[in-house]
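K.L.:
As input, take run37.pdb (PDB, C-alpha atoms):
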```pdb
ATOM      1  CA  MET Z   1      89.025  94.632 106.425
ATOM      2  CA  ASP Z   2      90.741  91.408 105.486
ATOM      3  CA  PRO Z   3      94.519  92.111 105.380
ATOM      4  CA  ALA Z   4      94.905  89.685 102.502
ATOM      5  CA  LEU Z   5      92.416  91.730 100.492
ATOM      6  CA  LEU Z   6      94.428  94.897 101.147
ATOM      7  CA  ASP Z   7      97.567  93.054 100.010
ATOM      8  CA  ARG Z   8      95.811  92.048  96.813
ATOM      9  CA  ALA Z   9      94.417  95.527  96.192
ATOM     10  CA  TYR Z  10      97.832  97.141  96.681
ATOM     11  CA  ASP Z  11      99.449  94.589  94.393
ATOM     12  CA  PHE Z  12      96.760  95.030  91.738
ATOM     13  CA  ILE Z  13      97.135  98.815  91.643
ATOM     14  CA  LEU Z  14     100.920  98.858  91.629
ATOM     15  CA  ARG Z  15     101.207  96.172  88.978
ATOM     16  CA  ARG Z  16      98.784  98.072  86.753
ATOM     17  CA  MET Z  17     101.010 101.103  87.055
ATOM     18  CA  VAL Z  18     104.191  99.128  86.485
ATOM     19  CA  GLU Z  19     102.763  97.528  83.367
ATOM     20  CA  GLY Z  20     100.977 100.454  81.831
ATOM     21  CA  GLY Z  21     101.666 103.549  83.813
ATOM     22  CA  GLU Z  22      97.968 104.131  84.535
ATOM     23  CA  PRO Z  23      96.252 103.665  87.890
ATOM     24  CA  PRO Z  24      92.946 101.853  88.061
ATOM     25  CA  HIS Z  25      89.693 103.537  89.041
ATOM     26  CA  PHE Z  26      87.950 102.014  92.059
ATOM     27  CA  SER Z  27      85.414 100.453  89.688
ATOM     28  CA  ASP Z  28      88.310  98.577  88.045
ATOM     29  CA  LEU Z  29      89.318  97.384  91.485
ATOM     30  CA  ALA Z  30      85.733  96.270  92.132
ATOM     31  CA  ARG Z  31      85.544  94.380  88.862
ATOM     32  CA  ALA Z  32      88.876  92.673  89.456
ATOM     33  CA  PHE Z  33      87.790  91.493  92.893
ATOM     34  CA  SER Z  34      84.188  90.682  91.963
ATOM     35  CA  ILE Z  35      82.756  93.156  94.449
ATOM     36  CA  ALA Z  36      80.281  96.025  94.113
ATOM     37  CA  PRO Z  37      81.618  99.428  92.980
ATOM     38  CA  GLU Z  38      80.874 100.952  96.384
ATOM     39  CA  ASP Z  39      82.881  98.167  98.006
ATOM     40  CA  GLY Z  40      85.693  98.875  95.560
ATOM     41  CA  LYS Z  41      85.609 102.505  96.640
ATOM     42  CA  ALA Z  42      85.689 101.510 100.319
ATOM     43  CA  LEU Z  43      88.597  99.156  99.637
ATOM     44  CA  LEU Z  44      90.563 101.903  97.898
ATOM     45  CA  ARG Z  45      89.911 104.360 100.724
ATOM     46  CA  GLU Z  46      90.953 101.868 103.370
ATOM     47  CA  LEU Z  47      94.096 101.046 101.440
ATOM     48  CA  MET Z  48      94.992 104.724 101.245
ATOM     49  CA  ASP Z  49      94.485 105.039 105.013
ATOM     50  CA  THR Z  50      97.019 102.357 105.876
ATOM     51  CA  GLY Z  51      99.977 104.738 105.945
ATOM     52  CA  ILE Z  52     101.472 103.769 102.610
ATOM     53  CA  PRO Z  53     103.045 106.705 100.716
ATOM     54  CA  CYS Z  54     100.100 107.133  98.362
ATOM     55  CA  TRP Z  55      97.166 109.542  98.220
ATOM     56  CA  LEU Z  56      93.972 110.499  96.406
ATOM     57  CA  TYR Z  57      93.186 113.785  94.729
ATOM     58  CA  PRO Z  58      91.568 115.944  97.418
ATOM     59  CA  ASP Z  59      87.827 115.366  97.731
ATOM     60  CA  THR Z  60      87.815 112.597  95.153
ATOM     61  CA  ASP Z  61      88.366 108.852  94.932
ATOM     62  CA  TYR Z  62      90.923 109.170  92.151
ATOM     63  CA  ILE Z  63      94.468 107.997  92.767
ATOM     64  CA  ALA Z  64      96.809 110.975  92.607
ATOM     65  CA  SER Z  65     100.037 109.374  93.672
ATOM     66  CA  PHE Z  66     101.061 105.793  94.285
ATOM     67  CA  ALA Z  67     104.679 105.446  95.306
ATOM     68  CA  PRO Z  68     107.038 105.432  93.646
ATOM     69  CA  PHE Z  69     104.925 106.953  90.854
ATOM     70  CA  ASN Z  70     103.077 110.246  90.607
ATOM     71  CA  LEU Z  71     100.100 110.801  88.352
ATOM     72  CA  GLN Z  72     100.597 114.524  87.904
ATOM     73  CA  PRO Z  73     103.721 115.545  86.051
ATOM     74  CA  THR Z  74     106.725 116.050  88.280
ATOM     75  CA  HIS Z  75     110.211 116.964  87.192
ATOM     76  CA  TYR Z  76     111.276 113.318  87.634
ATOM     77  CA  ARG Z  77     110.627 111.626  84.314
ATOM     78  CA  ILE Z  78     111.009 107.873  84.352
ATOM     79  CA  ALA Z  79     112.019 105.675  81.429
ATOM     80  CA  VAL Z  80     112.375 101.899  81.397
ATOM     81  CA  ASP Z  81     114.644 100.492  78.704
ATOM     82  CA  GLY Z  82     114.278 103.834  76.956
ATOM     83  CA  GLN Z  83     110.473 103.948  77.056
ATOM     84  CA  ARG Z  84     108.657 106.598  79.074
ATOM     85  CA  ARG Z  85     106.913 105.287  82.201
ATOM     86  CA  GLY Z  86     105.471 108.368  83.799
ATOM     87  CA  PHE Z  87     106.793 110.364  86.700
ATOM     88  CA  GLY Z  88     108.503 109.686  89.976
ATOM     89  CA  GLN Z  89     106.641 110.739  93.116
ATOM     90  CA  CYS Z  90     109.694 112.747  94.181
ATOM     91  CA  GLY Z  91     113.420 112.777  93.660
ATOM     92  CA  PHE Z  92     113.943 110.224  96.400
ATOM     93  CA  GLU Z  93     111.189 107.787  95.404
ATOM     94  CA  ALA Z  94     112.444 107.964  91.821
ATOM     95  CA  LEU Z  95     115.433 105.980  93.089
ATOM     96  CA  ALA Z  96     113.097 103.165  94.156
ATOM     97  CA  VAL Z  97     111.502 102.645  90.729
ATOM     98  CA  THR Z  98     114.345 100.285  89.802
ATOM     99  CA  TRP Z  99     113.031  97.632  92.194
ATOM    100  CA  LEU Z 100     109.825  97.316  90.168
ATOM    101  CA  TYR Z 101     111.602  96.469  86.910
ATOM    102  CA  PRO Z 102     114.078  93.642  87.548
ATOM    103  CA  GLY Z 103     116.599  93.121  84.793
ATOM    104  CA  ARG Z 104     115.703  96.386  83.078
ATOM    105  CA  THR Z 105     117.393  99.759  82.918
ATOM    106  CA  VAL Z 106     115.507 102.559  84.657
ATOM    107  CA  ALA Z 107     116.486 106.136  83.855
ATOM    108  CA  VAL Z 108     115.474 109.215  85.816
ATOM    109  CA  ASP Z 109     115.668 112.493  83.919
ATOM    110  CA  SER Z 110     115.221 115.661  85.904
ATOM    111  CA  VAL Z 111     116.430 119.202  86.303
ATOM    112  CA  CYS Z 112     118.197 120.948  89.127
ATOM    113  CA  LEU Z 113     115.754 123.384  90.759
ATOM    114  CA  ASP Z 114     118.608 125.754  91.482
ATOM    115  CA  CYS Z 115     120.003 126.199  87.983
ATOM    116  CA  GLY Z 116     117.613 124.391  85.629
ATOM    117  CA  GLU Z 117     120.375 122.251  84.197
ATOM    118  CA  PRO Z 118     119.693 118.540  83.597
ATOM    119  CA  ILE Z 119     120.155 115.703  86.018
ATOM    120  CA  ARG Z 120     120.203 112.098  84.899
ATOM    121  CA  LEU Z 121     120.772 108.811  86.580
ATOM    122  CA  GLU Z 122     120.442 105.229  85.460
ATOM    123  CA  MET Z 123     119.841 102.157  87.565
ATOM    124  CA  ARG Z 124     119.457  98.447  86.984
ATOM    125  CA  ASP Z 125     118.412  95.903  89.602
ATOM    126  CA  GLY Z 126     118.993  98.505  92.267
ATOM    127  CA  LYS Z 127     122.521  99.318  91.202
ATOM    128  CA  LEU Z 128     123.478 102.808  90.129
ATOM    129  CA  LEU Z 129     124.890 102.528  86.617
ATOM    130  CA  GLY Z 130     125.727 106.198  86.385
ATOM    131  CA  SER Z 131     124.672 109.705  87.203
ATOM    132  CA  ALA Z 132     125.265 113.043  85.610
ATOM    133  CA  PRO Z 133     126.692 115.193  86.809
ATOM    134  CA  ALA Z 134     128.774 113.437  89.424
ATOM    135  CA  GLY Z 135     128.099 114.706  92.914
ATOM    136  CA  LEU Z 136     124.300 114.638  92.900
ATOM    137  CA  HIS Z 137     122.653 115.426  96.221
ATOM    138  CA  GLY Z 138     119.118 115.154  97.525
ATOM    139  CA  TYR Z 139     117.423 117.520  99.919
ATOM    140  CA  VAL Z 140     114.289 117.399 102.031
ATOM    141  CA  ASP Z 141     113.435 119.901 104.746
ATOM    142  CA  VAL Z 142     110.808 117.692 106.384
ATOM    143  CA  PRO Z 143     112.001 115.197 109.032
ATOM    144  CA  PHE Z 144     111.323 111.544 108.328
ATOM    145  CA  GLY Z 145     108.787 111.295 111.130
ATOM    146  CA  GLU Z 146     106.678 114.033 109.538
ATOM    147  CA  TRP Z 147     106.524 112.622 106.020
ATOM    148  CA  PRO Z 148     103.192 110.864 106.649
ATOM    149  CA  LYS Z 149     101.600 114.130 107.846
ATOM    150  CA  ASN Z 150     102.052 115.833 104.499
ATOM    151  CA  ARG Z 151     103.225 113.376 101.889
ATOM    152  CA  ALA Z 152     102.503 115.614  98.921
ATOM    153  CA  TYR Z 153     104.735 118.367 100.304
ATOM    154  CA  SER Z 154     107.429 115.999 101.485
TER
ATOM    155  CA  MET A   1     112.396 115.723  98.184
ATOM    156  CA  ASN A   2     114.461 116.972  95.352
ATOM    157  CA  LEU A   3     117.675 116.149  93.576
ATOM    158  CA  PHE A   4     120.319 118.770  92.880
ATOM    159  CA  ARG A   5     123.420 118.812  90.747
ATOM    160  CA  SER A   6     125.616 119.257  93.803
ATOM    161  CA  GLU A   7     125.594 120.172  97.466
ATOM    162  CA  GLU A   8     126.291 123.779  96.504
ATOM    163  CA  HIS A   9     123.285 123.869  94.186
ATOM    164  CA  ALA A  10     121.032 122.548  96.960
ATOM    165  CA  ARG A  11     122.310 125.161  99.418
ATOM    166  CA  ARG A  12     121.724 127.935  96.871
ATOM    167  CA  TRP A  13     118.150 126.812  96.125
ATOM    168  CA  SER A  14     115.427 129.215  97.286
ATOM    169  CA  GLY A  15     113.713 126.416  99.226
ATOM    170  CA  TYR A  16     116.800 125.490 101.224
ATOM    171  CA  ARG A  17     116.552 126.067 104.972
ATOM    172  CA  ALA A  18     119.729 126.049 107.016
ATOM    173  CA  GLU A  19     117.885 124.617 110.025
ATOM    174  CA  ALA A  20     117.154 121.550 107.908
ATOM    175  CA  ALA A  21     120.723 121.155 106.666
ATOM    176  CA  ALA A  22     120.793 117.530 107.820
ATOM    177  CA  GLY A  23     118.183 116.829 105.162
ATOM    178  CA  LEU A  24     120.877 117.253 102.526
ATOM    179  CA  LEU A  25     122.372 113.899 101.545
ATOM    180  CA  PRO A  26     124.720 112.712  98.800
ATOM    181  CA  LEU A  27     123.310 110.323  96.219
ATOM    182  CA  ALA A  28     125.103 107.322  97.737
ATOM    183  CA  GLN A  29     123.316 107.806 101.047
ATOM    184  CA  LEU A  30     119.950 108.302  99.363
ATOM    185  CA  HIS A  31     120.571 105.164  97.367
ATOM    186  CA  ALA A  32     121.295 103.268 100.594
ATOM    187  CA  ILE A  33     118.013 104.433 102.143
ATOM    188  CA  PHE A  34     115.959 103.698  99.044
ATOM    189  CA  SER A  35     117.429 100.216  98.841
ATOM    190  CA  ALA A  36     115.684  99.168 102.048
ATOM    191  CA  ASP A  37     113.178  96.329 101.864
ATOM    192  CA  PHE A  38     110.430  98.923 102.312
ATOM    193  CA  PHE A  39     111.060  99.807  98.657
ATOM    194  CA  ARG A  40     112.327  96.454  97.368
ATOM    195  CA  GLN A  41     109.346  94.402  98.527
ATOM    196  CA  ARG A  42     106.540  96.401  96.988
ATOM    197  CA  LEU A  43     105.619  93.604  94.609
ATOM    198  CA  SER A  44     105.941  90.825  97.184
ATOM    199  CA  GLY A  45     102.195  90.304  97.307
ATOM    200  CA  ARG A  46     102.314  90.762 101.099
ATOM    201  CA  TYR A  47     103.292  94.406 101.269
ATOM    202  CA  LEU A  48     100.465  95.530 103.537
ATOM    203  CA  SER A  49     100.744  92.485 105.774
ATOM    204  CA  ASP A  50     104.469  93.157 106.171
ATOM    205  CA  PHE A  51     104.143  96.944 106.292
ATOM    206  CA  LYS A  52     104.908  97.440 109.992
ATOM    207  CA  THR A  53     108.012  95.272 109.800
ATOM    208  CA  LEU A  54     109.155  96.954 106.595
ATOM    209  CA  ARG A  55     108.634 100.411 108.088
ATOM    210  CA  ALA A  56     110.591  99.478 111.218
ATOM    211  CA  ASP A  57     113.422  98.297 108.990
ATOM    212  CA  LEU A  58     113.256 101.572 107.060
ATOM    213  CA  VAL A  59     113.468 103.568 110.288
ATOM    214  CA  ALA A  60     116.573 101.579 111.253
ATOM    215  CA  THR A  61     118.076 102.156 107.798
ATOM    216  CA  VAL A  62     117.471 105.918 107.941
ATOM    217  CA  ALA A  63     119.030 106.027 111.427
ATOM    218  CA  ARG A  64     122.089 104.092 110.272
ATOM    219  CA  VAL A  65     122.624 106.020 107.038
ATOM    220  CA  THR A  66     122.117 109.468 108.582
ATOM    221  CA  GLY A  67     124.158 108.758 111.702
ATOM    222  CA  ASN A  68     120.934 109.076 113.698
ATOM    223  CA  ASP A  69     120.955 112.840 113.243
ATOM    224  CA  PRO A  70     118.161 114.351 115.409
ATOM    225  CA  PHE A  71     116.761 116.258 112.409
ATOM    226  CA  TRP A  72     115.307 113.081 110.948
ATOM    227  CA  TRP A  73     113.299 112.328 114.088
ATOM    228  CA  ARG A  74     112.070 115.814 114.863
ATOM    229  CA  ALA A  75     108.282 115.877 115.305
TER
END
```
The structure given in the file should be rewritten as structure tokens.
P.N.:
Amino acid sequence: MDPALLDRAYDFILRRMVEGGEPPHFSDLARAFSIAPEDGKALLRELMDTGIPCWLYPDTDYIASFAPFNLQPTHYRIAVDGQRRGFGQCGFEALAVTWLYPGRTVAVDSVCLDCGEPIRLEMRDGKLLGSAPAGLHGYVDVPFGEWPKNRAYS
Amino acid sequence: MNLFRSEEHARRWSGYRAEAAAGLLPLAQLHAIFSADFFRQRLSGRYLSDFKTLRADLVATVARVTGNDPFWWRA
């Protein structure tokens, strides 16, 4: 497939999510690119097979996760300038949401899975404005090289 | 990939595995990794075209930030 078309499809999907928090269906992709619905479906599937940290719901053509966002609720709630913007894909990707909203304050509200107490951090233009409590840590038990094998678990 | 209130909280968590202790990083190190161009360039309009280069840069960033700990490269 034309690499430029994959670039455009990726950009279209991510911008839709940045602007409204909702992913497009493949028929939206088809309409936007003036192609048949089946070609929109094929485009979406090929995009998801490129190795980007995104995936479909099993046995469907519905976007389940598109980094750094997740479509199912996670315990990483995102807010931009105080307005809810969905969920982070994971605790680590939540840190990358800031790059999609230049000049705006991105907050990540979560809970510690050990104690259930809140975790909060704020970022703007990639800079950490603050975190509570101090001393936050992240943990993953899957090596970097294995993330693509099971992205949902990682 | 989860965030915890402290290193101690992460180590106490039921999902923590001592053999993957190197997967525990302070926020500053996570922030350094997730500041790589792999994450910054997602709206460049050329993300897929640049994906291999961006991923190679991310691999180098993870190696630098983690001190190239073997855990991160285990297959």
K.L.:
Expressed in Å to a single decimal, how great is the separation between CA of Gly103 in chain Z and CA of Asp125 in chain Z?
P.N.:
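Here the two named atoms are 5.8 Å from each other.
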K.L.:
Got a sec to pull out which chain Z residues are within 9 Å of chain A, counting all atoms listed in the file, and send them as a PDB file with C-alpha atoms, keeping the file's coordinate frame?
P.N.:
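iface_25.pdb was written with the following content:
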```pdb
ATOM      1  CA  PRO Z   3      94.519  92.111 105.380  1.00  0.00           C
ATOM      2  CA  ALA Z   4      94.905  89.685 102.502  1.00  0.00           C
ATOM      3  CA  LEU Z   6      94.428  94.897 101.147  1.00  0.00           C
ATOM      4  CA  ASP Z   7      97.567  93.054 100.010  1.00  0.00           C
ATOM      5  CA  ARG Z   8      95.811  92.048  96.813  1.00  0.00           C
ATOM      6  CA  TYR Z  10      97.832  97.141  96.681  1.00  0.00           C
ATOM      7  CA  ASP Z  11      99.449  94.589  94.393  1.00  0.00           C
ATOM      8  CA  LEU Z  14     100.920  98.858  91.629  1.00  0.00           C
ATOM      9  CA  ARG Z  15     101.207  96.172  88.978  1.00  0.00           C
ATOM     10  CA  LEU Z  47      94.096 101.046 101.440  1.00  0.00           C
ATOM     11  CA  THR Z  50      97.019 102.357 105.876  1.00  0.00           C
ATOM     12  CA  GLY Z  51      99.977 104.738 105.945  1.00  0.00           C
ATOM     13  CA  ILE Z  52     101.472 103.769 102.610  1.00  0.00           C
ATOM     14  CA  PRO Z  68     107.038 105.432  93.646  1.00  0.00           C
ATOM     15  CA  CYS Z  90     109.694 112.747  94.181  1.00  0.00           C
ATOM     16  CA  GLY Z  91     113.420 112.777  93.660  1.00  0.00           C
ATOM     17  CA  PHE Z  92     113.943 110.224  96.400  1.00  0.00           C
ATOM     18  CA  GLU Z  93     111.189 107.787  95.404  1.00  0.00           C
ATOM     19  CA  LEU Z  95     115.433 105.980  93.089  1.00  0.00           C
ATOM     20  CA  ALA Z  96     113.097 103.165  94.156  1.00  0.00           C
ATOM     21  CA  VAL Z  97     111.502 102.645  90.729  1.00  0.00           C
ATOM     22  CA  THR Z  98     114.345 100.285  89.802  1.00  0.00           C
ATOM     23  CA  TRP Z  99     113.031  97.632  92.194  1.00  0.00           C
ATOM     24  CA  LEU Z 100     109.825  97.316  90.168  1.00  0.00           C
ATOM     25  CA  SER Z 110     115.221 115.661  85.904  1.00  0.00           C
ATOM     26  CA  VAL Z 111     116.430 119.202  86.303  1.00  0.00           C
ATOM     27  CA  CYS Z 112     118.197 120.948  89.127  1.00  0.00           C
ATOM     28  CA  LEU Z 113     115.754 123.384  90.759  1.00  0.00           C
ATOM     29  CA  ASP Z 114     118.608 125.754  91.482  1.00  0.00           C
ATOM     30  CA  CYS Z 115     120.003 126.199  87.983  1.00  0.00           C
ATOM     31  CA  GLU Z 117     120.375 122.251  84.197  1.00  0.00           C
ATOM     32  CA  PRO Z 118     119.693 118.540  83.597  1.00  0.00           C
ATOM     33  CA  ILE Z 119     120.155 115.703  86.018  1.00  0.00           C
ATOM     34  CA  GLY Z 126     118.993  98.505  92.267  1.00  0.00           C
ATOM     35  CA  LYS Z 127     122.521  99.318  91.202  1.00  0.00           C
ATOM     36  CA  LEU Z 128     123.478 102.808  90.129  1.00  0.00           C
ATOM     37  CA  ALA Z 132     125.265 113.043  85.610  1.00  0.00           C
ATOM     38  CA  PRO Z 133     126.692 115.193  86.809  1.00  0.00           C
ATOM     39  CA  ALA Z 134     128.774 113.437  89.424  1.00  0.00           C
ATOM     40  CA  GLY Z 135     128.099 114.706  92.914  1.00  0.00           C
ATOM     41  CA  LEU Z 136     124.300 114.638  92.900  1.00  0.00           C
ATOM     42  CA  HIS Z 137     122.653 115.426  96.221  1.00  0.00           C
ATOM     43  CA  GLY Z 138     119.118 115.154  97.525  1.00  0.00           C
ATOM     44  CA  TYR Z 139     117.423 117.520  99.919  1.00  0.00           C
ATOM     45  CA  VAL Z 140     114.289 117.399 102.031  1.00  0.00           C
ATOM     46  CA  ASP Z 141     113.435 119.901 104.746  1.00  0.00           C
ATOM     47  CA  VAL Z 142     110.808 117.692 106.384  1.00  0.00           C
ATOM     48  CA  PRO Z 143     112.001 115.197 109.032  1.00  0.00           C
ATOM     49  CA  PHE Z 144     111.323 111.544 108.328  1.00  0.00           C
ATOM     50  CA  GLY Z 145     108.787 111.295 111.130  1.00  0.00           C
ATOM     51  CA  GLU Z 146     106.678 114.033 109.538  1.00  0.00           C
ATOM     52  CA  TYR Z 153     104.735 118.367 100.304  1.00  0.00           C
ATOM     53  CA  SER Z 154     107.429 115.999 101.485  1.00  0.00           C
TER      54      SER Z 154
END
```
K.L.:
Selection in question (the file shown): the PyMOL selection byres ((chain Z and resi 56) around 12). Which residues does it include, as a ChimeraX atom specification?
P.N.:
/Z:23,25-26,41,44-49,52-55,57-67,70-72,151-152
K.L.:
Would you compute the distance between CA of Phe33 in chain Z and CA of Pro148 in chain Z? Give it in Å to one decimal.
P.N.:
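Distance reported for this atom pair: 28.3 Å.
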K.L.:
Could you jot down the CA of Gly21 in chain Z to CA of Arg124 in chain Z separation for me, Å, one decimal place?
P.N.:
18.8 Å
K.L.:
Pick from Z:Ala79, Z:Phe12, Z:Met1, Z:Met17: nearest to Arg31 in chain Z, with all atoms listed in the file counted?
P.N.:
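Closest candidate: Z:Phe12.
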K.L.:
What are the centre and edge lengths in Å, to one decimal, of the axis-aligned box around all listed atoms of range 126-130 of chain Z with 3 Å added on each side, as lines of an AutoDock Vina configuration file?
P.N.:
```
center_x = 122.4
center_y = 102.4
center_z = 89.3
size_x = 12.7
size_y = 13.7
size_z = 11.9
```
